[in-house]
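A short write-up of the structure that comes next.
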Amino acid sequence: MQENAQTNENTNEEVITFDSLGLKPEILKSIKFAGFTAPSPIQAQAIPVILAGKDMVGQAHTGTGKTAAFSLPALNNMKLDGSVELLVITPTRELATQVSDEIFKYGRNLGVKTVTVYGGSSYKRQLDLIGRGASVVVATPGRMLDILKKGMLNDFKPSMVVLDEADEMLDMGFLDDINEIFSYLPTDRQTLLFSATMPQPIKTLASRILQDPEFISITKGETTNSDIEQLYYVIDEHERDDAIIRLMDSEETQKSVVFCRTKSEVDRLSNVLSNAGYLANGLHGDMEQRQRETVIKGFKNNSVKVLVATDVAARGIHVNNISHVFNYHIPFDPESYVHRIGRTGRAGTKGKAITLLTPLEFKELQRIKQKVGTSMEHAFVPSKNDLRESTVENIVNNIENQKIYDEAHKVLDRLKEDIDEETIMFKLISMILDKQDIKGPSNIGIPADKLKAILERAAKRNDSRGRGGRSRGGYRGSRNRSSGNRDRNRSGGGYRGNRNRHRD
């Protein structure tokens, strides 16, 4: 890292570094320890604004470095006088814990103390920790409002308040709680609001709680990380389980998240993957808090390698070494897609996002690609033969390194009585291949020729509907659309129900 901003020789543009942003040496040391080499776009734009003491609205998606964007300048400006100077409000317990851990990591060289406040845990312990000189409180809306309404905190006057994932708090029904929380906070504060999307209720909230804010938005072209390779596989509906297992077998996964639409699907699929030999566990809103914490801890320490989760439950998971994200079903909307794949390709690492879909879901795929402006490549699920080919190199290495036992000579002599040596070798290697235990049918997914025909027929039907008006063809199109809407409403209703149950 250099002491001042550098200049790109090819473009004559100033290259922003963390050193050039005016942060304290203690914080720069923590940044270096965390492995960050250069600020992300949201960090480069937000940090100077926050350091200047201005209110700000930041629109950026998961995985863009929002936590560091507000916590680094907040820590830099702290007086560290023993009082709470920073309050961060997050929608979920998991996210509160993650944000608190990150802020502690960035402020360790300053001696900053952080406390996480959420429901389901002891009031007394949380209040005691705050009373011992915490500079930062990271809280969920319900517990924070409860504490404020009951007057449990004396002289609680944070100079900076951050709303993180504001649109998620809106979706989970916390907007009234947020408004009431601000009625207990000092008016002479710096307020920051971060949100992936800006629906009208969030805009209204921002106009009420912020004063002359700066607006920073990561552009459409930056919503998906260029470090994430995005692939989709077209399958038949009944092949989803086999496809997930086959792709996991063929990919060099280190740690992965599989996204499902419903909680019941999470439970079922996590059992399927566990039975297939994967260290898999589920995460959703109906689980007890202790269960959720155990699963997340296991995912962090690698006792869980595959996390099967709903969108809402996974919002609070921020782990940097996730190599793969799998969409068991294509998400309902583009914003969810961006949130999901943002779990991988973090902190400068490469990641891969894989989506399963049927031909009937191609419209959803096109809508996501168009709105997000992302590049998704079509690929075919490897066959059993493909997987066997990919294991040849490993088999060769294993044979070369295999220790030779004395008994091997006896076995070879016996075999040579009836079989020539070349056939013996072929049979032994074939035995090794048979033990690879490649699960599922030989071929999974829709082959290229069949897929092309399906898409051509679909295109002709759409064209016919467009010209059909009130003709018989137009009527069929209308009826089919109606049927499709019923199907989607059933799925969508389940998803919304999940979110409502999680909120309760």
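Chain identifiers are assigned as A, B, and so on, following the order in which chains appear in the structure tokens; residues are numbered from 1 within each chain, and ligands are numbered from 1 in order of appearance.
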- For range 204-208 of chain A, please output as a list in words all residues within 8 Å (counting only C-alpha atoms; exclusion window: fewer than 5 positions along the same chain). Val57, Asn179 and Leu193 of chain A
- Residue with smallest distance to Gly277 in chain A - pool A:Val258, A:Met248, A:Leu433, A:Ile228, counting only C-alpha atoms: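 For Gly277 in chain A, the nearest of the candidates is A:Met248.
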- Query: Could you state the separation of CA of Lys460 in chain A and CA of Gln366 in chain A in Å, given to one decimal place?
  - Reply: 16.9 Å
- Pick from A:Lys450, A:Lys350, A:Arg290, A:Arg261: nearest to Gly119 in chain A, with only C-alpha atoms counted?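 Under the stated criterion, the closest residue is A:Arg290.
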- Pairwise distance, CA of Lys352 in chain A with CA of Ala96 in chain A, equals 26.3 Å
- Tell me, as a ChimeraX atom specification, which residues lie within 10 Å of range 72-82 of chain A, counting only C-alpha atoms; anything in the same chain fewer than 2 positions away does not count. /A:21-28,30-31,43,46-53,67-70,84-86,103-104,106-107,110-113,130-136,159-162,190
Please, could you write that set of residues out with C-alpha atoms as a PDB file, in the first residue's frame?
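Final output, saved to selection_1.pdb:
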ATOM      1  CA  LEU A  21      -8.595   7.864   2.437  1.00  0.00           C
ATOM      2  CA  GLY A  22      -7.162   9.414   5.623  1.00  0.00           C
ATOM      3  CA  LEU A  23      -7.746   6.529   8.025  1.00  0.00           C
ATOM      4  CA  LYS A  24      -5.777   6.112  11.248  1.00  0.00           C
ATOM      5  CA  PRO A  25      -2.688   3.851  11.247  1.00  0.00           C
ATOM      6  CA  GLU A  26      -4.367   1.463  13.709  1.00  0.00           C
ATOM      7  CA  ILE A  27      -7.262   0.954  11.302  1.00  0.00           C
ATOM      8  CA  LEU A  28      -4.963   0.562   8.290  1.00  0.00           C
ATOM      9  CA  SER A  30      -6.440  -3.987  10.797  1.00  0.00           C
ATOM     10  CA  ILE A  31      -7.333  -3.634   7.103  1.00  0.00           C
ATOM     11  CA  GLN A  43     -16.020   1.839   0.224  1.00  0.00           C
ATOM     12  CA  ALA A  46     -18.667   6.212   1.104  1.00  0.00           C
ATOM     13  CA  ILE A  47     -15.661   6.475   3.414  1.00  0.00           C
ATOM     14  CA  PRO A  48     -14.758  10.119   2.563  1.00  0.00           C
ATOM     15  CA  VAL A  49     -18.412  11.175   2.959  1.00  0.00           C
ATOM     16  CA  ILE A  50     -18.735   9.486   6.349  1.00  0.00           C
ATOM     17  CA  LEU A  51     -15.385  10.794   7.554  1.00  0.00           C
ATOM     18  CA  ALA A  52     -16.664  14.283   6.754  1.00  0.00           C
ATOM     19  CA  GLY A  53     -19.589  13.734   9.139  1.00  0.00           C
ATOM     20  CA  THR A  67     -19.908  -3.185   6.544  1.00  0.00           C
ATOM     21  CA  ALA A  68     -16.372  -1.920   6.075  1.00  0.00           C
ATOM     22  CA  ALA A  69     -17.733   1.088   4.176  1.00  0.00           C
ATOM     23  CA  PHE A  70     -19.454   2.431   7.285  1.00  0.00           C
ATOM     24  CA  VAL A  84     -21.838   4.057  22.996  1.00  0.00           C
ATOM     25  CA  GLU A  85     -20.881   6.082  19.919  1.00  0.00           C
ATOM     26  CA  LEU A  86     -22.134   3.787  17.125  1.00  0.00           C
ATOM     27  CA  ILE A 103     -16.414  -4.153  13.506  1.00  0.00           C
ATOM     28  CA  PHE A 104     -14.511  -5.726  16.385  1.00  0.00           C
ATOM     29  CA  TYR A 106     -11.467  -3.607  12.303  1.00  0.00           C
ATOM     30  CA  GLY A 107     -11.270  -1.826  15.672  1.00  0.00           C
ATOM     31  CA  LEU A 110      -8.032   0.792  18.903  1.00  0.00           C
ATOM     32  CA  GLY A 111      -9.366  -1.269  21.795  1.00  0.00           C
ATOM     33  CA  VAL A 112     -12.963  -0.924  20.625  1.00  0.00           C
ATOM     34  CA  LYS A 113     -15.578  -3.018  22.454  1.00  0.00           C
ATOM     35  CA  ILE A 130     -22.860  -2.267  27.269  1.00  0.00           C
ATOM     36  CA  GLY A 131     -22.262  -0.794  30.723  1.00  0.00           C
ATOM     37  CA  ARG A 132     -18.655  -2.008  30.725  1.00  0.00           C
ATOM     38  CA  GLY A 133     -17.654   0.598  28.174  1.00  0.00           C
ATOM     39  CA  ALA A 134     -18.929  -0.651  24.823  1.00  0.00           C
ATOM     40  CA  SER A 135     -18.367   1.812  21.993  1.00  0.00           C
ATOM     41  CA  VAL A 136     -20.490  -0.090  19.465  1.00  0.00           C
ATOM     42  CA  SER A 159     -23.384  10.001  17.655  1.00  0.00           C
ATOM     43  CA  MET A 160     -23.765   7.723  14.592  1.00  0.00           C
ATOM     44  CA  VAL A 161     -26.662   5.420  13.675  1.00  0.00           C
ATOM     45  CA  VAL A 162     -26.555   2.964  10.770  1.00  0.00           C
ATOM     46  CA  GLN A 190     -24.904  11.274  11.867  1.00  0.00           C
TER      47      GLN A 190
END
- Message: Using only C-alpha atoms, which protein or nucleic acid residues come within 6 Å of range 165-171 of chain A? Drop anything in the same chain fewer than 2 positions from it, and give the result as a list in words.
- Response: Pro91, Leu163, Gly173, Phe174, Leu175, Phe194 and Ser195 of chain A
Let's have the selection written as a short mmCIF file (atom, residue, chain, number, x, y, z; two decimals), in the first residue's frame, with N, CA and C atoms.
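Now in part-v6.cif:
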data_model
loop_
_atom_site.label_atom_id
_atom_site.label_comp_id
_atom_site.auth_asym_id
_atom_site.auth_seq_id
_atom_site.Cartn_x
_atom_site.Cartn_y
_atom_site.Cartn_z
N PRO A 91 -31.48 -6.42 10.29
CA PRO A 91 -32.76 -7.14 10.33
C PRO A 91 -32.74 -8.47 11.05
N LEU A 163 -28.49 2.13 9.59
CA LEU A 163 -29.51 1.14 9.22
C LEU A 163 -28.92 0.28 8.11
N GLY A 173 -41.22 -6.48 8.07
CA GLY A 173 -42.23 -5.79 8.86
C GLY A 173 -41.69 -4.96 10.01
N PHE A 174 -40.45 -4.51 9.92
CA PHE A 174 -39.83 -3.77 11.02
C PHE A 174 -39.89 -2.25 10.85
N LEU A 175 -40.55 -1.77 9.83
CA LEU A 175 -40.49 -0.33 9.55
C LEU A 175 -41.06 0.51 10.69
N PHE A 194 -28.21 1.99 4.49
CA PHE A 194 -27.74 1.13 3.41
C PHE A 194 -28.86 0.20 2.99
N SER A 195 -29.04 0.07 1.69
CA SER A 195 -30.13 -0.77 1.19
C SER A 195 -29.78 -1.25 -0.22
#
- Task: Please provide as a VMD selection string all residues within 8 Å of Ala309 in chain A, with the sequence filter that same-chain residues fewer than 4 positions apart are discarded (counting only C-alpha atoms).
- Result: chain A and resid 257 to 260 263 266 282 to 284 313 to 314
Now that the selection is made, can you save its residues with N, CA and C atoms as a PDB file, in the first residue's frame?
ATOM      1  N   VAL A 257     -23.256 -22.763  -0.456  1.00  0.00           N
ATOM      2  CA  VAL A 257     -24.606 -22.480   0.025  1.00  0.00           C
ATOM      3  C   VAL A 257     -25.582 -22.909  -1.061  1.00  0.00           C
ATOM      4  N   VAL A 258     -26.601 -23.680  -0.674  1.00  0.00           N
ATOM      5  CA  VAL A 258     -27.662 -24.070  -1.593  1.00  0.00           C
ATOM      6  C   VAL A 258     -28.922 -23.337  -1.173  1.00  0.00           C
ATOM      7  N   PHE A 259     -29.472 -22.531  -2.070  1.00  0.00           N
ATOM      8  CA  PHE A 259     -30.654 -21.740  -1.754  1.00  0.00           C
ATOM      9  C   PHE A 259     -31.927 -22.466  -2.174  1.00  0.00           C
ATOM     10  N   CYS A 260     -32.870 -22.528  -1.244  1.00  0.00           N
ATOM     11  CA  CYS A 260     -34.181 -23.103  -1.509  1.00  0.00           C
ATOM     12  C   CYS A 260     -35.255 -22.051  -1.267  1.00  0.00           C
ATOM     13  N   LYS A 263     -38.962 -23.504   3.655  1.00  0.00           N
ATOM     14  CA  LYS A 263     -38.303 -24.127   4.800  1.00  0.00           C
ATOM     15  C   LYS A 263     -38.399 -25.649   4.737  1.00  0.00           C
ATOM     16  N   VAL A 266     -35.779 -26.870   2.494  1.00  0.00           N
ATOM     17  CA  VAL A 266     -34.463 -26.828   3.151  1.00  0.00           C
ATOM     18  C   VAL A 266     -34.249 -28.092   3.971  1.00  0.00           C
ATOM     19  N   GLY A 282     -29.181 -27.555   7.388  1.00  0.00           N
ATOM     20  CA  GLY A 282     -30.138 -26.554   6.935  1.00  0.00           C
ATOM     21  C   GLY A 282     -30.203 -25.358   7.854  1.00  0.00           C
ATOM     22  N   LEU A 283     -30.710 -24.236   7.319  1.00  0.00           N
ATOM     23  CA  LEU A 283     -30.881 -23.009   8.093  1.00  0.00           C
ATOM     24  C   LEU A 283     -32.135 -22.299   7.599  1.00  0.00           C
ATOM     25  N   HIS A 284     -33.091 -22.094   8.509  1.00  0.00           N
ATOM     26  CA  HIS A 284     -34.301 -21.336   8.149  1.00  0.00           C
ATOM     27  C   HIS A 284     -34.918 -20.721   9.392  1.00  0.00           C
ATOM     28  N   ALA A 313     -33.034 -16.427   5.847  1.00  0.00           N
ATOM     29  CA  ALA A 313     -32.105 -16.956   6.845  1.00  0.00           C
ATOM     30  C   ALA A 313     -30.656 -16.699   6.467  1.00  0.00           C
ATOM     31  N   ALA A 314     -30.356 -16.737   5.173  1.00  0.00           N
ATOM     32  CA  ALA A 314     -28.969 -16.584   4.722  1.00  0.00           C
ATOM     33  C   ALA A 314     -28.537 -15.134   4.594  1.00  0.00           C
TER      34      ALA A 314
END
DSSP alpha helix (DSSP H) residues within range 60-282 of chain A, listed as a compact mmCIF listing (two decimals) with N, CA and C atoms, in the first residue's frame:
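Listed below is the output, part.txt:
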# COMPACT_ATOMS: atom_id res chain seq x y z
N LYS A 66 -20.17 -3.38 2.30
CA LYS A 66 -20.89 -2.29 2.99
C LYS A 66 -20.46 -2.15 4.45
N THR A 67 -20.24 -3.27 5.12
CA THR A 67 -19.91 -3.18 6.54
C THR A 67 -18.63 -2.38 6.76
N ALA A 68 -17.61 -2.69 5.96
CA ALA A 68 -16.37 -1.92 6.07
C ALA A 68 -16.58 -0.48 5.64
N ALA A 69 -17.49 -0.26 4.69
CA ALA A 69 -17.73 1.09 4.18
C ALA A 69 -18.20 2.04 5.27
N PHE A 70 -19.02 1.53 6.21
CA PHE A 70 -19.45 2.43 7.29
C PHE A 70 -18.65 2.26 8.57
N SER A 71 -18.15 1.04 8.84
CA SER A 71 -17.48 0.83 10.13
C SER A 71 -16.09 1.43 10.17
N LEU A 72 -15.35 1.41 9.06
CA LEU A 72 -13.99 1.97 9.07
C LEU A 72 -14.00 3.47 9.38
N PRO A 73 -14.79 4.29 8.68
CA PRO A 73 -14.81 5.72 9.05
C PRO A 73 -15.45 5.97 10.40
N ALA A 74 -16.44 5.14 10.80
CA ALA A 74 -17.05 5.32 12.12
C ALA A 74 -16.01 5.10 13.22
N LEU A 75 -15.24 4.04 13.09
CA LEU A 75 -14.19 3.77 14.07
C LEU A 75 -13.14 4.87 14.07
N ASN A 76 -12.83 5.36 12.89
CA ASN A 76 -11.82 6.42 12.75
C ASN A 76 -12.23 7.68 13.50
N ARG A 93 -30.67 -11.67 13.56
CA ARG A 93 -29.68 -11.95 14.60
C ARG A 93 -28.34 -12.34 13.98
N GLU A 94 -28.44 -13.16 12.93
CA GLU A 94 -27.21 -13.63 12.29
C GLU A 94 -26.40 -12.47 11.74
N LEU A 95 -27.09 -11.55 11.06
CA LEU A 95 -26.37 -10.40 10.49
C LEU A 95 -25.81 -9.52 11.60
N ALA A 96 -26.57 -9.36 12.68
CA ALA A 96 -26.07 -8.56 13.81
C ALA A 96 -24.76 -9.14 14.34
N THR A 97 -24.73 -10.46 14.48
CA THR A 97 -23.51 -11.11 14.98
C THR A 97 -22.35 -10.93 14.02
N GLN A 98 -22.64 -11.09 12.72
CA GLN A 98 -21.58 -10.95 11.72
C GLN A 98 -21.02 -9.53 11.69
N VAL A 99 -21.91 -8.54 11.70
CA VAL A 99 -21.47 -7.14 11.65
C VAL A 99 -20.66 -6.80 12.90
N SER A 100 -21.13 -7.27 14.06
CA SER A 100 -20.41 -7.00 15.30
C SER A 100 -19.01 -7.60 15.25
N ASP A 101 -18.90 -8.82 14.73
CA ASP A 101 -17.59 -9.47 14.62
C ASP A 101 -16.66 -8.68 13.70
N GLU A 102 -17.21 -8.21 12.58
CA GLU A 102 -16.38 -7.46 11.64
C GLU A 102 -15.91 -6.14 12.23
N ILE A 103 -16.80 -5.43 12.92
CA ILE A 103 -16.41 -4.15 13.51
C ILE A 103 -15.35 -4.37 14.58
N PHE A 104 -15.53 -5.42 15.37
CA PHE A 104 -14.51 -5.73 16.39
C PHE A 104 -13.17 -5.98 15.73
N LYS A 105 -13.18 -6.71 14.62
CA LYS A 105 -11.94 -7.03 13.90
C LYS A 105 -11.26 -5.76 13.40
N TYR A 106 -12.05 -4.84 12.84
CA TYR A 106 -11.47 -3.61 12.30
C TYR A 106 -10.98 -2.68 13.42
N GLY A 107 -11.62 -2.76 14.60
CA GLY A 107 -11.27 -1.83 15.67
C GLY A 107 -10.40 -2.41 16.76
N TYR A 123 -31.36 -10.15 28.80
CA TYR A 123 -31.27 -8.69 28.86
C TYR A 123 -30.10 -8.28 29.74
N LYS A 124 -30.01 -8.93 30.90
CA LYS A 124 -29.01 -8.51 31.89
C LYS A 124 -27.60 -8.61 31.33
N ARG A 125 -27.29 -9.70 30.66
CA ARG A 125 -25.95 -9.87 30.13
C ARG A 125 -25.64 -8.80 29.08
N GLN A 126 -26.61 -8.56 28.18
CA GLN A 126 -26.39 -7.57 27.13
C GLN A 126 -26.21 -6.17 27.72
N LEU A 127 -27.04 -5.82 28.70
CA LEU A 127 -26.93 -4.50 29.33
C LEU A 127 -25.64 -4.36 30.13
N ASP A 128 -25.23 -5.45 30.78
CA ASP A 128 -23.96 -5.42 31.54
C ASP A 128 -22.78 -5.16 30.61
N LEU A 129 -22.79 -5.84 29.47
CA LEU A 129 -21.69 -5.67 28.51
C LEU A 129 -21.65 -4.24 27.98
N ILE A 130 -22.82 -3.66 27.73
CA ILE A 130 -22.86 -2.27 27.27
C ILE A 130 -22.32 -1.34 28.36
N GLY A 131 -22.69 -1.63 29.60
CA GLY A 131 -22.26 -0.79 30.72
C GLY A 131 -20.78 -0.87 31.02
N PRO A 141 -34.05 -4.79 15.46
CA PRO A 141 -35.03 -3.74 15.81
C PRO A 141 -35.89 -4.06 17.02
N GLY A 142 -36.41 -5.30 17.11
CA GLY A 142 -37.33 -5.63 18.20
C GLY A 142 -36.70 -5.49 19.57
N ARG A 143 -35.54 -6.09 19.78
CA ARG A 143 -34.88 -6.01 21.09
C ARG A 143 -34.42 -4.59 21.40
N MET A 144 -33.91 -3.87 20.39
CA MET A 144 -33.45 -2.50 20.63
C MET A 144 -34.60 -1.61 21.07
N LEU A 145 -35.74 -1.73 20.39
CA LEU A 145 -36.90 -0.92 20.75
C LEU A 145 -37.39 -1.27 22.15
N ASP A 146 -37.39 -2.55 22.48
CA ASP A 146 -37.84 -2.99 23.80
C ASP A 146 -36.98 -2.37 24.90
N ILE A 147 -35.67 -2.38 24.70
CA ILE A 147 -34.75 -1.80 25.68
C ILE A 147 -34.97 -0.30 25.84
N LEU A 148 -35.17 0.38 24.72
CA LEU A 148 -35.37 1.83 24.77
C LEU A 148 -36.70 2.19 25.43
N LYS A 149 -37.74 1.46 25.08
CA LYS A 149 -39.07 1.76 25.65
C LYS A 149 -39.11 1.54 27.16
N ALA A 166 -31.77 -2.07 4.86
CA ALA A 166 -33.05 -1.42 5.18
C ALA A 166 -34.22 -2.05 4.44
N ASP A 167 -34.02 -2.45 3.18
CA ASP A 167 -35.12 -3.05 2.44
C ASP A 167 -35.53 -4.39 3.02
N GLU A 168 -34.58 -5.11 3.58
CA GLU A 168 -34.91 -6.38 4.23
C GLU A 168 -35.73 -6.14 5.50
N MET A 169 -35.41 -5.09 6.24
CA MET A 169 -36.20 -4.75 7.42
C MET A 169 -37.62 -4.37 7.03
N LEU A 170 -37.76 -3.71 5.89
CA LEU A 170 -39.10 -3.39 5.38
C LEU A 170 -39.86 -4.67 5.07
N ASP A 171 -39.22 -5.61 4.37
CA ASP A 171 -39.86 -6.87 4.00
C ASP A 171 -40.26 -7.68 5.22
N LEU A 175 -40.55 -1.77 9.83
CA LEU A 175 -40.49 -0.33 9.55
C LEU A 175 -41.06 0.51 10.69
N ASP A 176 -42.18 0.07 11.30
CA ASP A 176 -42.75 0.82 12.43
C ASP A 176 -41.79 0.84 13.61
N ASP A 177 -41.13 -0.31 13.86
CA ASP A 177 -40.15 -0.36 14.95
C ASP A 177 -39.00 0.62 14.70
N ILE A 178 -38.54 0.68 13.46
CA ILE A 178 -37.44 1.58 13.12
C ILE A 178 -37.84 3.03 13.38
N ASN A 179 -39.01 3.39 12.92
CA ASN A 179 -39.48 4.77 13.14
C ASN A 179 -39.56 5.09 14.63
N GLU A 180 -40.02 4.14 15.43
CA GLU A 180 -40.15 4.40 16.87
C GLU A 180 -38.78 4.46 17.54
N ILE A 181 -37.85 3.63 17.10
CA ILE A 181 -36.50 3.66 17.66
C ILE A 181 -35.90 5.05 17.52
N PHE A 182 -36.07 5.66 16.35
CA PHE A 182 -35.47 6.98 16.12
C PHE A 182 -36.09 8.06 16.99
N GLN A 200 -40.33 2.84 -2.31
CA GLN A 200 -40.84 4.12 -1.81
C GLN A 200 -40.85 4.23 -0.29
N PRO A 201 -41.26 3.18 0.45
CA PRO A 201 -41.23 3.32 1.92
C PRO A 201 -39.83 3.60 2.48
N ILE A 202 -38.81 3.05 1.84
CA ILE A 202 -37.43 3.31 2.29
C ILE A 202 -37.03 4.74 1.96
N LYS A 203 -37.44 5.22 0.79
CA LYS A 203 -37.16 6.62 0.44
C LYS A 203 -37.83 7.57 1.43
N THR A 204 -39.07 7.24 1.82
CA THR A 204 -39.80 8.07 2.79
C THR A 204 -39.10 8.05 4.14
N LEU A 205 -38.65 6.87 4.56
CA LEU A 205 -37.92 6.76 5.83
C LEU A 205 -36.64 7.58 5.77
N ALA A 206 -35.91 7.48 4.67
CA ALA A 206 -34.65 8.23 4.54
C ALA A 206 -34.88 9.73 4.65
N SER A 207 -35.93 10.21 4.00
CA SER A 207 -36.20 11.65 4.04
C SER A 207 -36.57 12.12 5.44
N ARG A 208 -37.09 11.22 6.27
CA ARG A 208 -37.50 11.60 7.62
C ARG A 208 -36.35 11.56 8.61
N ILE A 209 -35.44 10.60 8.50
CA ILE A 209 -34.42 10.42 9.53
C ILE A 209 -33.05 10.98 9.15
N ARG A 240 -33.88 -32.43 -10.07
CA ARG A 240 -33.18 -31.41 -9.27
C ARG A 240 -32.21 -32.03 -8.25
N ASP A 241 -32.66 -33.01 -7.50
CA ASP A 241 -31.79 -33.62 -6.49
C ASP A 241 -30.57 -34.27 -7.14
N ASP A 242 -30.80 -35.06 -8.19
CA ASP A 242 -29.69 -35.72 -8.88
C ASP A 242 -28.72 -34.70 -9.47
N ALA A 243 -29.26 -33.59 -10.00
CA ALA A 243 -28.40 -32.58 -10.61
C ALA A 243 -27.52 -31.89 -9.58
N ILE A 244 -28.10 -31.54 -8.42
CA ILE A 244 -27.31 -30.90 -7.36
C ILE A 244 -26.17 -31.81 -6.92
N ILE A 245 -26.49 -33.09 -6.70
CA ILE A 245 -25.46 -34.03 -6.23
C ILE A 245 -24.39 -34.22 -7.30
N ARG A 246 -24.81 -34.38 -8.57
CA ARG A 246 -23.83 -34.58 -9.63
C ARG A 246 -22.91 -33.37 -9.77
N LEU A 247 -23.48 -32.17 -9.70
CA LEU A 247 -22.67 -30.96 -9.85
C LEU A 247 -21.72 -30.79 -8.67
N MET A 248 -22.17 -31.14 -7.48
CA MET A 248 -21.27 -31.08 -6.32
C MET A 248 -20.14 -32.10 -6.45
N ASP A 249 -20.48 -33.27 -7.01
CA ASP A 249 -19.45 -34.28 -7.22
C ASP A 249 -18.41 -33.81 -8.25
N SER A 250 -18.85 -33.06 -9.24
CA SER A 250 -17.95 -32.67 -10.33
C SER A 250 -17.20 -31.37 -10.04
N LYS A 263 -38.96 -23.50 3.66
CA LYS A 263 -38.30 -24.13 4.80
C LYS A 263 -38.40 -25.65 4.74
N SER A 264 -39.55 -26.17 4.30
CA SER A 264 -39.68 -27.62 4.19
C SER A 264 -38.71 -28.17 3.15
N GLU A 265 -38.46 -27.41 2.10
CA GLU A 265 -37.51 -27.82 1.08
C GLU A 265 -36.09 -27.84 1.64
N VAL A 266 -35.78 -26.87 2.49
CA VAL A 266 -34.46 -26.83 3.15
C VAL A 266 -34.25 -28.09 3.97
N ASP A 267 -35.24 -28.46 4.79
CA ASP A 267 -35.12 -29.65 5.63
C ASP A 267 -34.94 -30.91 4.78
N ARG A 268 -35.75 -31.04 3.74
CA ARG A 268 -35.69 -32.24 2.90
C ARG A 268 -34.36 -32.34 2.17
N LEU A 269 -33.93 -31.24 1.53
CA LEU A 269 -32.71 -31.29 0.73
C LEU A 269 -31.47 -31.46 1.58
N SER A 270 -31.44 -30.87 2.76
CA SER A 270 -30.27 -31.06 3.64
C SER A 270 -30.14 -32.52 4.04
N ASN A 271 -31.27 -33.22 4.22
CA ASN A 271 -31.23 -34.66 4.52
C ASN A 271 -30.74 -35.45 3.31
N VAL A 272 -31.21 -35.06 2.10
CA VAL A 272 -30.79 -35.74 0.88
C VAL A 272 -29.28 -35.63 0.70
N LEU A 273 -28.75 -34.42 0.89
CA LEU A 273 -27.31 -34.21 0.71
C LEU A 273 -26.49 -34.90 1.80
N SER A 274 -27.01 -34.93 3.01
CA SER A 274 -26.32 -35.64 4.09
C SER A 274 -26.25 -37.13 3.79
N ASN A 275 -27.36 -37.69 3.31
CA ASN A 275 -27.39 -39.11 2.96
C ASN A 275 -26.47 -39.42 1.77
